[in-house]
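Notes to accompany the following structure.
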Amino acid sequence: MILRQFLSLRKAGVLGMNRRNRQYIMGYNRRSSFPLVDDKLLTKQLSLKHGIPTPPLYHVVSHHGDIAGFEKALVDRQEFVLKPARGGGGSGIILITDRRDGKFVTQSGKMISRDEIRYHISDILSGIYSLEGLEDKAVIEGLIHPDQVFGKVTYEGVPDVRIIVYRGVPAMAMVRLPTRQSDGKANLHRGAVGVGIDIGRGKTMDGVRRSGAITHHPDTGELLRDIEVPFWERMLLMAARSTDMTGLGYLGVDLVIDIKDGPLLLELNARPGLQIQIANRKGLLERLETIDRAPKEIFLSPEKRIAWSIQNFAEPRS
Amino acid sequence: MKRPALWLAVFFFLIPLSLIGYRVLRLGYPLLPTSPVKAWGLTMEIFFEPAGGDGNRNGKEIEIRAGLPESRSGQTVIEQRDLSGTLQLNIMPEGLNQIGVWSGDPEGGGGLSYRTTVLLNPKRLRKPKPPGPESFPAIIGDKSEQILARRLIERYSSLKAPDKLKAIVATAKGIWGEPAPDDSDLKQWSSIQKKYGAEKALVILLRLADFPVRKVQGFVLSEGIATQPDRWIAVWTGQKWEHLQAETGDNYSESVCLLPLMIGDAPLVSISGGRLQEVRWSLSKQILSQWRSHFERIQRSARFLDRWSLFAIPNQFQEIFRILLLVPIGVLMISVLRNIVGFPTFGIFMPVLMALAFRSTGLSYGLGIFAGVVLIGYLLRRGIDRLRLLLVPRLSFLITFVILAFTVFALIGSKFGVREFMAVGLLPFVILSMTIERFFILIEESGAFQALRTAAGSAAVAVITYKIIQIDPLQLTFFVYPELLFAIMGLLLLLGNYSGYRLSEILRFEVLGEKS
């Protein structure tokens with residue numbers, strides 16, 4: 001009975017947690033490369049060096065003594081994002097959209113005093129949001145103005161595109177849409193909606209929220225399917241190049257589309273989740289094994305890899 | 001599966017296999033833990049009142065003496081447990097007896113309890129020792145009584161010891177044989193019996209016939225379970241001790257085992273510096289695994305592997321190892337439940353520590369206290385959230401709260417006599433504090449549903465682990481064969497190699513599996 005269920009998952013090419021950890025993360029991601037993706041500041045510097053665009057860096061607070069100076073460094077910027085360099089799962093991030101009467105206005109319209117911002121920075125520095133509870137840095141960077149392509153299926157916040165890249169080949173993609181429940185954050189475990197993207201055409205498919213399949217956004221009620229993702233090939237290329245940049249063979253690449261700057265690399269993840277399979281109604285293992293069978297020459301350049309991926313992972317027309 | 005891990009696992013399985021094989025084949029260890037062996041559990045509870053009444057005792061010490069069972073021919077004491085609170089127990093041999101002396105200031109408390117397990121092993125009878133001088137109690141009775149008694153038994157003097165004993169016992173009961181003594185002698189004898197009681201009268205006869213005699217208090221271990229100690233008379237017939245029932249002089253039947261506690265005239269339980277109120281006894285028959293009974297043999301053996309056994313270390317340290325050896329079983333369970341079943345838990349090893357703690361609090365109390373502390377802790381954590389405390393002081397604050405909660409539980413427990421509440425101190429407090437913090441963060445980040453799911457997962461894993469480490473034969477098996485730890489390491493190597501699906505993923509990816 002159980003064995004049959006397992007076989008059916010295997011036949012569907014589903015990637016399980018154990019295999020992901022053992023075969024792919026341990027097999028392709030060297031421990032020494034993890035800091036490159038766990039620390040957003042390092043990722044940003046690396047991206048800069050490799051010409052992959054990221055949101056502009058305004059300021060970094062590294063020590064408690066420097067907290068007071070953050071406002072001076074902001075000059076008169078009205079909007080910015082404050083986030084922990086080593087935060088995980090979207091925690092500790094504050095989006096500021098305006099400044100009024102010496103206070104800061106968050107994206108959800110809440111007023112935050114200067115002192116509260118300082119407290120938050122202090123929290124970040126003492127490692128409250130960091131993955132291992134280690135001391136951390138606070139990163140202040142440019143606010144993203146999301147392209148309105150997902151405007152109708154987003155409740156506040158910034159939707160982001162997650163692409164799983166295996167050995168430099170984009171294997172699966174989804175867009176994560178914030179909901180009221182996820183508090184404007186694009187993290188699936190907070191209740192955001194994940195919608196699969198057809199790698200071949202750059203078009204959305206059906207969605208998933210928590211563990212349930214959905215077809216419409218729970219807050220806006222709009223259809224999730226058939227939204228054409230702009231800059232799709234450029235995004236695939238950015239994702240494919242992230243592997244060359246980090247040396248991580250199994251990687252989750254998170255991108256956002258800014259209305260002005262186009263696609264930007266937001267962060268990288270060395271242990272990307274498995275939920276993307278449900279968003280795509282498709283097993284990831286099958287894709288990974290297909291990539292393993294790909295001809296050697298396609299691995300020579302990122303352009304060849306994405307061309308192969310587009311060709312091989314296009315959804316059959318329904 | 002990667003080859004090196006497989007070979008390493010095989011190697012790890014071979015170590016215990018060969019060691020256990022050697023122990024079973026060459027040293028005669030039992031292979032299965034299930035073959036039952038008879039043992040008796042004896043519980044003694046003594047209630048007393050310190051002298052001097054309330055208040056003005058001036059810290060006067062109290063001393064209670066009681067005869068305890070000891071390992072002797074055909075019986076082995078395998079466990080002794082003292083629950084006497086403030087009194088200190090010293091066990092010392094005194095003459096033929098093993099005397100437990102509880103002393104100290106009872107601080108108002110008026111009770112103690114002692115439990116022992118005695119293993120009966122009729123096959124391991126040692127050659128009986130001939131009696132020493134303590135077996136010749138002074139002959140009581142006045143001159144005329146002694147003359148009479150001597151006259152009654154005179155005619156058996158030519159018989160051999162066992163027959164002589166039988167004849168004397170018959171005489172004491174009034175079966176005279178031929179020729180019957182004259183009437184005045186009979187009358188005088190029955191008045192002696194009335195005066196001293198049947199037991200003493202019998203002892204008089206036996207002593208005058210030069211039999212070594214011991215008066216014994218103890219328990220008759222038979223199917224009907226006794227709650228009051230018995231008395232009997234042990235008589236040396238030259239080869240062995242015969243046991244006669246004190247009142248009737250009858251022999252005990254063959255199937256009966258006797259558990260002597262006190263030999264001689266001393267009272268079974270005595271007290272100085274106070275007054276005995278009640279002494280309660282209870283006997284219970286227990287089925288023990290054969291491995292446990294191996295204790296005795298292993299302890300005395302000179303064989304290398306026998307000497308290098310955990311049985312060889314002192315008792316109080318054995319206890320620690322009994323618990324330590326459960327940890328690998330626990331972490332094995334965690335590995336299975338997390339990587340094969342897919343339970344979500346707070347922290348990796350939290351459920352193992354919970355399961356170990358449940359051993360002293362019991363399952364329902366343990367879970368209840370755990371849930372209570374986490375819930376109140378969660379509310380507290382919510383309350384202090386806006387204070388924006390730094391990480392380390394905040395966790396320390398929670399730890400202090402947990403200790404405070406333990407204290408309150410213990411005080412409530414002592415007020416209402418709930419022992420489980422007082423055992424709360426054994427719960428892993430650091431883990432509890434971290435659980436509160438993680439619970440809070442999980443509720444904040446992923447909602448109450450996810451947090452409760454994880455809490456339920458943790459509780460389920462803790463309960464399953466608890467149930468498994470509570471299996472006595474399993475505990476014993478690891479204690480007798482600690483080399484099994486290698487086997488656990490081997491299993492963990494195999495588990496660590498498992499790349500298959502988790503049971504929970506059947507549900508998680510149900511949508512994907514159905515399609516094909």
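Each chain in the structure tokens gets a letter, A, B and so on, in the order shown; residues start at 1 in every chain, and ligands are counted from 1 in the order they appear.
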Each residue of chain A with at least one atom at most 9 Å from chain B should appear once, together with its nearest atom pair and the corresponding distance in Å (one decimal); atoms considered: only C-alpha atoms; ordering: chain, then increasing residue number; output as a tab-separated table.
residue	atom	partner	partner_atom	distance
A:Ile2	CA	B:Leu503	CA	7.8
A:Gln5	CA	B:Ile506	CA	6.5
A:Phe6	CA	B:Tyr501	CA	6.6
A:Leu7	CA	B:Gly513	CA	8.8
A:Ser8	CA	B:Gly513	CA	5.3
A:Leu9	CA	B:Gly513	CA	4.8
A:Arg10	CA	B:Gly513	CA	8.1
A:Lys11	CA	B:Ser516	CA	7.0
A:Ala12	CA	B:Gly513	CA	5.7
A:Gly13	CA	B:Gly513	CA	8.7
A:Val14	CA	B:Leu512	CA	7.3
A:Leu15	CA	B:Tyr501	CA	8.0
A:Gly16	CA	B:Tyr501	CA	5.2
A:Met17	CA	B:Tyr501	CA	7.1
A:Asn18	CA	B:Ser499	CA	4.9
A:Arg19	CA	B:Ser499	CA	4.3
A:Arg20	CA	B:Ser499	CA	8.0
A:Asn21	CA	B:Ser499	CA	8.3
A:Arg22	CA	B:Ser499	CA	6.7
A:Gln23	CA	B:Ser499	CA	7.5
A:Gly89	CA	B:Glu445	CA	8.6
A:Ser91	CA	B:Glu445	CA	7.7
A:Tyr119	CA	B:Arg388	CA	7.2
A:His120	CA	B:Arg388	CA	8.3
A:Ser122	CA	B:Leu390	CA	8.3
A:Asp123	CA	B:Leu390	CA	6.6
A:Ser126	CA	B:Leu390	CA	6.8
A:Gly127	CA	B:Leu391	CA	7.4
A:Ile128	CA	B:Leu391	CA	6.0
A:Gly133	CA	B:Leu391	CA	8.2
A:Gln181	CA	B:Gly447	CA	8.9
A:Ser182	CA	B:Ser446	CA	8.3
A:His189	CA	B:Ser446	CA	5.8
A:Arg190	CA	B:Ser446	CA	4.7
A:Gly191	CA	B:Ser446	CA	7.3
A:Ser211	CA	B:Arg508	CA	6.9
A:Gly212	CA	B:Val511	CA	8.8
A:Ala213	CA	B:Val511	CA	8.2
A:Gln275	CA	B:Phe509	CA	8.8
A:Gln277	CA	B:Leu512	CA	8.0
A:Ile278	CA	B:Phe509	CA	6.9
A:Arg281	CA	B:Leu512	CA	5.8
A:Lys282	CA	B:Leu512	CA	6.2
A:Gly283	CA	B:Leu512	CA	6.9
- Considering only C-alpha atoms, return as a ChimeraX atom specification whatever protein or nucleic-acid residues lie within 10 Å of Gly141 of chain B, sequence-local ones (same chain, fewer than 6 positions apart) excluded. /B:147,149,192,195-196,200-201,204
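Around Thr204 of chain A, within 9 Å and counting only C-alpha atoms, the residues found are Met174, Val175, Val195, Gly196, Ile197, Asp198, Leu224, Arg225, Asp226, Ile227, Glu228 and Val229 of chain A, once anything fewer than 5 positions away on its own chain is removed.
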For the selection you just gave me, I'd like the residues written to a file as an mmCIF file, in the first residue's frame, keeping C-alpha atoms.
data_model
loop_
_atom_site.group_PDB
_atom_site.id
_atom_site.type_symbol
_atom_site.label_atom_id
_atom_site.label_comp_id
_atom_site.auth_asym_id
_atom_site.auth_seq_id
_atom_site.Cartn_x
_atom_site.Cartn_y
_atom_site.Cartn_z
ATOM 1 C CA MET A 174 7.209 29.720 -10.142
ATOM 2 C CA VAL A 175 6.069 33.148 -9.138
ATOM 3 C CA VAL A 195 2.070 29.788 -9.314
ATOM 4 C CA GLY A 196 4.006 27.566 -11.679
ATOM 5 C CA ILE A 197 5.658 29.148 -14.706
ATOM 6 C CA ASP A 198 5.997 27.315 -17.990
ATOM 7 C CA LEU A 224 -3.715 33.069 -11.993
ATOM 8 C CA ARG A 225 -3.221 31.303 -15.285
ATOM 9 C CA ASP A 226 -1.746 32.603 -18.551
ATOM 10 C CA ILE A 227 0.004 35.712 -17.306
ATOM 11 C CA GLU A 228 2.984 36.360 -19.511
ATOM 12 C CA VAL A 229 6.110 37.015 -17.497
#
- Message: At a cut-off of 8 Å, using only C-alpha atoms, what residues contact Tyr156 of chain B? Leave out same-chain residues fewer than 5 positions from it and give the result as a ChimeraX atom specification.
- Response: /B:164,167-168
- Item | DSSP-assigned alpha helix (DSSP H) among segment 26-269 of chain A, expressed as a PyMOL selection string | chain A and resi 26-28+34-38+40-49+70-74+114-125+232-246
Could you give me, as CSV, a per-residue list for segment 141-215 of chain A showing, wherever an atom lies at most 9 Å from an atom of segment 284-302 of chain A, the closest pair of atoms and their distance in Å to one decimal, using only C-alpha atoms and sorting by chain then residue number from low to high?
residue,atom,partner,partner_atom,distance
A:Tyr166,CA,A:Leu288,CA,6.8
A:Arg167,CA,A:Phe299,CA,7.9
A:Gly168,CA,A:Pro302,CA,6.9
A:Val169,CA,A:Ile291,CA,7.3
A:Ala171,CA,A:Arg287,CA,6.0
A:Met172,CA,A:Leu284,CA,7.2
- Message: Need the shell around Ala173 of chain A: protein/DNA/RNA residues with any atom at most 8 Å away, counting only C-alpha atoms. Skip same-chain ones fewer than 4 positions apart. Format as a ChimeraX atom specification?
- Response: /A:161-164,196-199,276,280
